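Q: What follows is a structure written as structure tokens; I'll ask about it next.
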Amino acid sequence: MSEHFDVHGGARLVGEVEVVGAKNSVLKLMAAALLAEGTTTITNCPQILDVPLMADVLRSVGCEVVLDGDTTYITTPAELSHRADSSAMGKLRASVCVLGPLVGRLKKAVVALPGGDAIGSRPLDMHQNGLRKLGATSAIEHGCVVAESDGLHGAQIWLDFPSVGATENILMASVLAEGTTVIDNAAREPEIVDVCTMLTEMGAKIEGGGTSTLTVHGVEALHPTEHRVIGDRIVGATWAFAAVMTRGDLTVTGVNPHHLDLVLEKLRLAGAEVTAYDDKGFRIVQADRPRSVDFVTLPYPGFATDLQPFAVALSSVSEGTSMITENVYEARFRFIEEMIRLGADARTDGHHAVVRGIDRLSSAPVWASDIRAGAGLVLAGLCADGVTEVWDVFHIDRGYPHFVENLNRLGARIDRVATQPDRS
Ligand code: UD1
């Protein structure tokens, strides 16, 4: 039985909504718990499907994991298995983040190639090259990354691109390596800073979190800690786009607005009035039809590729023409095909898209291809005439806790319907 959402167009979203911990942080923090024997406690965890999936990955290497509401307890034994090749691995991208901790702690790892969103080619060459620099061998064998070493040592590593996953894996492998590791052209996402903070609480010696150069002085052992996950800036931004697209008035709490500086600036250019509250949240009000704005995706502090579907959805109902450039994941423009079903005037050329805003979208059945595309289609449906059916909503459930409940509370009308789709 599959489920879809019936999204009734014409809503104006008004009210307050709380954002919980970041998906792209909590999954890496759970992997980091492998580095210390004992019980690590992670609070402010989002209740999304990927958390129990990651728990299964950790259980498969010998951890005990208890999920209790928004708190996750991970008990890592003295003896861990180096094989993370269970079926859970294929269900999410972040499962590959156990590679660094396992190699760091056990000196070897066999880690199944990860699954996750179909947003374009997602190679692991930078992860592997980093581990090689630290003194491990690394090869792809029978669908797994196989890495082995006599003992990791510090190294100077230059990344070709500031990859989030490669930075995290190399970081987590190097905290227990002998000597000093320098990762240059490192990713600077707030979620990387969160991982650095938790590792430091566990006894790691890391300098430069949030900059392009991370310096890690290896230590002999780490100890467990209790850590609170940072608020999810991508979910926070989703609410900000929702407010602007529906000409609403939302107060978004639980997220640091400075993690969204560029996003909120773009939305101000679109006509929104934004008030940031220190590091706690923001209010966003849109009175008139939004004006078109150009967007270019780049690693942080650039405009996040995860937000590109929302940029397209907003542009499709804005006044004027927007140019949207995708520099990170080429296949993310697949979302535009679904937007065209809703009547959007959009076309792509390579990694650029041109979107001419129209007054109102027109409801149609559409299919979510990944988490953010799914949420983008729901927001687009709010700006369409009639009832838009959004299918394959399991994607949305992987990233947005209580999405439909929150939208309905804020003034939308969305029904979750369990039926079989007719795609004939
Ligand atoms: C993470 C996020 C994802 C987000 C992305 C970019 C998680 C679970 N997912 O994914 O939501 O869209 O960051 O902000 O945190 N690349 C290589 N070789 C490598 C590694 C990456 O060529 O070894 C390329 C990728 O194909 C992509 C780019 O680098 O074009 C960025 O990827 P990366 O930052 O690694 O993304 P993820 O960590 O997979």
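Just remember, in the structure tokens the first chain shown is A, the second B, etc., residues are 1-based per chain, and ligands are 1-based in the order shown.
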Counting only C-alpha atoms and all ligand atoms, what are the residues of chain A within 7 Å of ligand 1, and for each of them which pair of atoms is the nearest and at what distance in Å, to one decimal? Sort the table by chain and rising number, as CSV.

A:
residue,atom,partner,partner_atom_place_in_ligand_line,distance
A:Asn24,CA,ligand 1,15 (O),4.2
A:Ser25,CA,ligand 1,15 (O),7.0
A:Arg93,CA,ligand 1,8 (C),5.4
A:Ala94,CA,ligand 1,8 (C),4.4
A:Gly120,CA,ligand 1,26 (O),6.9
A:Ser121,CA,ligand 1,26 (O),5.0
A:Arg122,CA,ligand 1,26 (O),3.9
A:Pro123,CA,ligand 1,18 (N),4.5
A:Leu124,CA,ligand 1,23 (O),3.3
A:Asp125,CA,ligand 1,23 (O),3.9
A:Met126,CA,ligand 1,23 (O),3.5
A:His127,CA,ligand 1,23 (O),4.9
A:Phe161,CA,ligand 1,29 (O),6.2
A:Pro162,CA,ligand 1,34 (O),6.4
A:Ser163,CA,ligand 1,34 (O),3.4
A:Val164,CA,ligand 1,34 (O),3.7
A:Gly165,CA,ligand 1,38 (O),3.4
A:Ala166,CA,ligand 1,20 (C),5.7
A:Pro299,CA,ligand 1,14 (O),5.9
A:Ala304,CA,ligand 1,14 (O),6.0
A:Thr305,CA,ligand 1,12 (O),5.5
A:Asp306,CA,ligand 1,12 (O),4.9
A:Val328,CA,ligand 1,30 (O),4.4
A:Tyr329,CA,ligand 1,30 (O),5.0

Q: If you keep C-alpha atoms, can you produce a file of those selected residues as a PDB file, in the first residue's frame?

A:
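Result file is out-v4.pdb:
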ATOM      1  CA  ASN A  24      22.368  15.680   8.159  1.00  0.00           C
ATOM      2  CA  SER A  25      23.906  16.193  11.586  1.00  0.00           C
ATOM      3  CA  ARG A  93      23.445   7.970   2.142  1.00  0.00           C
ATOM      4  CA  ALA A  94      24.757   8.786   5.599  1.00  0.00           C
ATOM      5  CA  GLY A 120      22.963  12.565  -9.257  1.00  0.00           C
ATOM      6  CA  SER A 121      26.312  10.809  -9.243  1.00  0.00           C
ATOM      7  CA  ARG A 122      27.670  10.353  -5.729  1.00  0.00           C
ATOM      8  CA  PRO A 123      31.179   8.832  -5.971  1.00  0.00           C
ATOM      9  CA  LEU A 124      33.395   8.119  -2.947  1.00  0.00           C
ATOM     10  CA  ASP A 125      36.797   8.871  -4.493  1.00  0.00           C
ATOM     11  CA  MET A 126      37.575  11.721  -2.099  1.00  0.00           C
ATOM     12  CA  HIS A 127      36.643   9.595   0.918  1.00  0.00           C
ATOM     13  CA  PHE A 161      35.849  19.816  -3.686  1.00  0.00           C
ATOM     14  CA  PRO A 162      34.562  20.654  -0.177  1.00  0.00           C
ATOM     15  CA  SER A 163      32.565  17.420   0.086  1.00  0.00           C
ATOM     16  CA  VAL A 164      30.493  17.132   3.253  1.00  0.00           C
ATOM     17  CA  GLY A 165      30.709  13.340   3.474  1.00  0.00           C
ATOM     18  CA  ALA A 166      34.424  13.116   2.631  1.00  0.00           C
ATOM     19  CA  PRO A 299      28.814  24.488  -0.766  1.00  0.00           C
ATOM     20  CA  ALA A 304      22.445  24.869  -0.410  1.00  0.00           C
ATOM     21  CA  THR A 305      21.714  22.448  -3.255  1.00  0.00           C
ATOM     22  CA  ASP A 306      19.129  20.862  -0.936  1.00  0.00           C
ATOM     23  CA  VAL A 328      26.513  20.398  -6.899  1.00  0.00           C
ATOM     24  CA  TYR A 329      24.009  17.698  -7.984  1.00  0.00           C
TER      25      TYR A 329
END

Q: Counting only C-alpha atoms, give me one row per residue of stretch 257-348 of chain A with an atom at most 8 Å from an atom of stretch 183-192 of chain A, showing the shortest contact pair and its distance in Å to one decimal, sorted by chain then residue number, as a Markdown table.

A:
| residue | atom | partner | partner_atom | distance |
| --- | --- | --- | --- | --- |
| A:His259 | CA | A:Pro190 | CA | 6.9 |
| A:Pro299 | CA | A:Ala187 | CA | 7.2 |
| A:Tyr300 | CA | A:Glu189 | CA | 5.3 |
| A:Pro301 | CA | A:Glu189 | CA | 7.1 |

Q: Select, from A:Glu326, A:Glu141, A:Asp85, A:Glu405, the residue with the minimum atom-to-atom distance to A:Arg59, counting only C-alpha atoms.

A: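 Checking each of A:Glu326, A:Glu141, A:Asp85, A:Glu405 against A:Arg59, counting only C-alpha atoms, the winner is A:Asp85.
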
Q: What does the distance from atom CA of A:Val255 to atom CA of A:Arg233 come to in Å, to one decimal?

A: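 A separation of 6.1 Å between them.
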
Q: In Å, rounded to a single decimal, give me how far atom CA of A:Ala364 is from atom CA of A:Leu13.

A: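 Straight-line distance from atom CA of A:Leu13 to atom CA of A:Ala364 works out to 21.4 Å.
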
Q: So which bits of stretch 105-309 of chain A end up alpha helix (DSSP H) when you DSSP the backbone, as a ChimeraX atom specification?

A: /A:105-106,125-133,164-174,190-201,233-245,261-269,308-309

Q: Which residue gives the smallest distance to A:Asn406 among A:Gly15, A:Met89, A:His8, A:Met202, with only C-alpha atoms counted?

A: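 Residue with the minimum atom-to-atom distance to A:Asn406: A:Gly15.
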
Q: Leaving out A:Glu220 and any residue of its chain fewer than 2 positions from it, which residues lie within 10 Å of it when counting only C-alpha atoms, given as a list of chain:residue names?

A: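 Final neighbour list, sorted by chain and number: A:Arg105, A:Val175, A:Leu176, A:Ala177, A:Glu178, A:Gly203, A:Ala204, A:Gly218, A:Leu222.
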
Q: Keeping only N, CA and C atoms, take the residues you just selected and write them out as a PDB file, in the first residue's frame.

A:
ATOM      1  N   ARG A 105      38.923   3.370  14.448  1.00  0.00           N
ATOM      2  CA  ARG A 105      38.924   2.600  15.698  1.00  0.00           C
ATOM      3  C   ARG A 105      39.487   1.194  15.508  1.00  0.00           C
ATOM      4  N   VAL A 175      40.788  11.421  13.999  1.00  0.00           N
ATOM      5  CA  VAL A 175      40.846  11.816  15.417  1.00  0.00           C
ATOM      6  C   VAL A 175      41.624  10.816  16.274  1.00  0.00           C
ATOM      7  N   LEU A 176      41.675   9.536  15.824  1.00  0.00           N
ATOM      8  CA  LEU A 176      42.439   8.551  16.590  1.00  0.00           C
ATOM      9  C   LEU A 176      43.759   8.185  15.886  1.00  0.00           C
ATOM     10  N   ALA A 177      44.103   8.905  14.805  1.00  0.00           N
ATOM     11  CA  ALA A 177      45.353   8.598  14.081  1.00  0.00           C
ATOM     12  C   ALA A 177      46.547   9.155  14.860  1.00  0.00           C
ATOM     13  N   GLU A 178      47.715   8.611  14.561  1.00  0.00           N
ATOM     14  CA  GLU A 178      48.912   9.108  15.244  1.00  0.00           C
ATOM     15  C   GLU A 178      49.401  10.376  14.545  1.00  0.00           C
ATOM     16  N   GLY A 203      36.720  14.319  23.529  1.00  0.00           N
ATOM     17  CA  GLY A 203      38.155  14.313  23.830  1.00  0.00           C
ATOM     18  C   GLY A 203      39.048  14.495  22.618  1.00  0.00           C
ATOM     19  N   ALA A 204      38.455  14.696  21.431  1.00  0.00           N
ATOM     20  CA  ALA A 204      39.283  14.895  20.230  1.00  0.00           C
ATOM     21  C   ALA A 204      39.888  16.294  20.257  1.00  0.00           C
ATOM     22  N   GLY A 218      45.804  13.837  16.595  1.00  0.00           N
ATOM     23  CA  GLY A 218      45.288  12.525  16.999  1.00  0.00           C
ATOM     24  C   GLY A 218      45.461  12.283  18.501  1.00  0.00           C
ATOM     25  N   LEU A 222      38.834   8.155  22.734  1.00  0.00           N
ATOM     26  CA  LEU A 222      37.768   9.133  23.010  1.00  0.00           C
ATOM     27  C   LEU A 222      36.832   8.520  24.058  1.00  0.00           C
TER      28      LEU A 222
END

Q: How many Å separate atom CA of A:His395 from atom CA of A:Thr40?

A: 28.4 Å

Q: Mind the document's chain letters and residue numbers, and return as a PyMOL selection string the residues of stretch 92-300 of chain A that DSSP labels strand (DSSP E or B).

A: chain A and resi 108-112+137-141+144-148+153+156-158+178+180-184+205-207+213-217+226-228+231+249-253+273-277+281-285+291+295-297

Q: Keeping only C-alpha atoms, take the residues you just selected and write them out as a CSV table (one decimal), in the first residue's frame.

A:
chain,number,residue,atom,x,y,z
A,108,LYS,CA,39.9,-1.9,9.0
A,109,ALA,CA,36.3,-1.7,7.6
A,110,VAL,CA,34.1,-3.3,5.0
A,111,VAL,CA,31.3,-0.9,4.4
A,112,ALA,CA,28.5,-1.5,1.9
A,137,THR,CA,44.4,0.8,1.6
A,138,SER,CA,40.9,1.4,0.0
A,139,ALA,CA,39.2,-0.5,-2.8
A,140,ILE,CA,35.6,-1.2,-3.9
A,141,GLU,CA,35.0,-4.9,-3.7
A,144,CYS,CA,31.6,-2.6,-0.5
A,145,VAL,CA,34.4,-0.1,0.4
A,146,VAL,CA,37.2,-2.2,1.9
A,147,ALA,CA,39.8,-0.3,3.8
A,148,GLU,CA,42.6,-1.6,5.9
A,153,HIS,CA,49.0,8.4,10.7
A,156,GLN,CA,48.1,16.7,4.8
A,157,ILE,CA,45.0,16.2,2.7
A,158,TRP,CA,43.6,18.5,0.0
A,178,GLU,CA,48.9,9.1,15.2
A,180,THR,CA,48.5,15.7,13.0
A,181,THR,CA,46.1,15.7,10.1
A,182,VAL,CA,45.3,18.8,8.1
A,183,ILE,CA,42.2,18.7,5.8
A,184,ASP,CA,42.3,21.6,3.3
A,205,LYS,CA,41.7,17.8,19.4
A,206,ILE,CA,40.3,19.7,16.4
A,207,GLU,CA,41.0,23.2,15.3
A,213,THR,CA,41.2,24.1,7.0
A,214,LEU,CA,40.6,21.5,9.7
A,215,THR,CA,43.6,20.5,11.9
A,216,VAL,CA,43.3,17.3,13.9
A,217,HIS,CA,45.8,16.3,16.5
A,226,GLU,CA,25.9,13.8,25.8
A,227,HIS,CA,25.3,16.1,22.8
A,228,ARG,CA,22.3,18.2,21.5
A,231,GLY,CA,18.5,22.7,14.5
A,249,ASP,CA,3.5,35.0,8.3
A,250,LEU,CA,5.6,32.3,10.0
A,251,THR,CA,7.7,32.3,13.1
A,252,VAL,CA,10.3,29.6,12.9
A,253,THR,CA,12.0,28.5,16.1
A,273,GLU,CA,10.2,41.0,5.8
A,274,VAL,CA,12.5,38.9,8.0
A,275,THR,CA,13.3,39.4,11.7
A,276,ALA,CA,16.1,37.2,13.1
A,277,TYR,CA,16.0,36.4,16.8
A,281,GLY,CA,14.8,31.5,15.1
A,282,PHE,CA,13.2,34.1,12.8
A,283,ARG,CA,9.9,35.6,11.7
A,284,ILE,CA,9.2,35.9,8.0
A,285,VAL,CA,6.2,37.8,6.5
A,291,ARG,CA,9.5,39.1,-7.0
A,295,PHE,CA,19.8,31.4,-7.2
A,296,VAL,CA,23.2,29.6,-7.5
A,297,THR,CA,23.9,26.5,-5.5

Q: Would you mind telling me which residue in A:Lys266, A:Arg12, A:Arg398, A:Lys23 lies nearest to A:Ile230 when using only C-alpha atoms?

A: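 The closest residue to A:Ile230 is A:Lys23.
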
Q: May I ask which of the residues A:Ser174, A:Ser149, A:Thr325, A:Thr246 is the closest one to A:Ala221, counting only C-alpha atoms?

A: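 Of the candidates, the smallest distance to A:Ala221 is held by A:Ser174.
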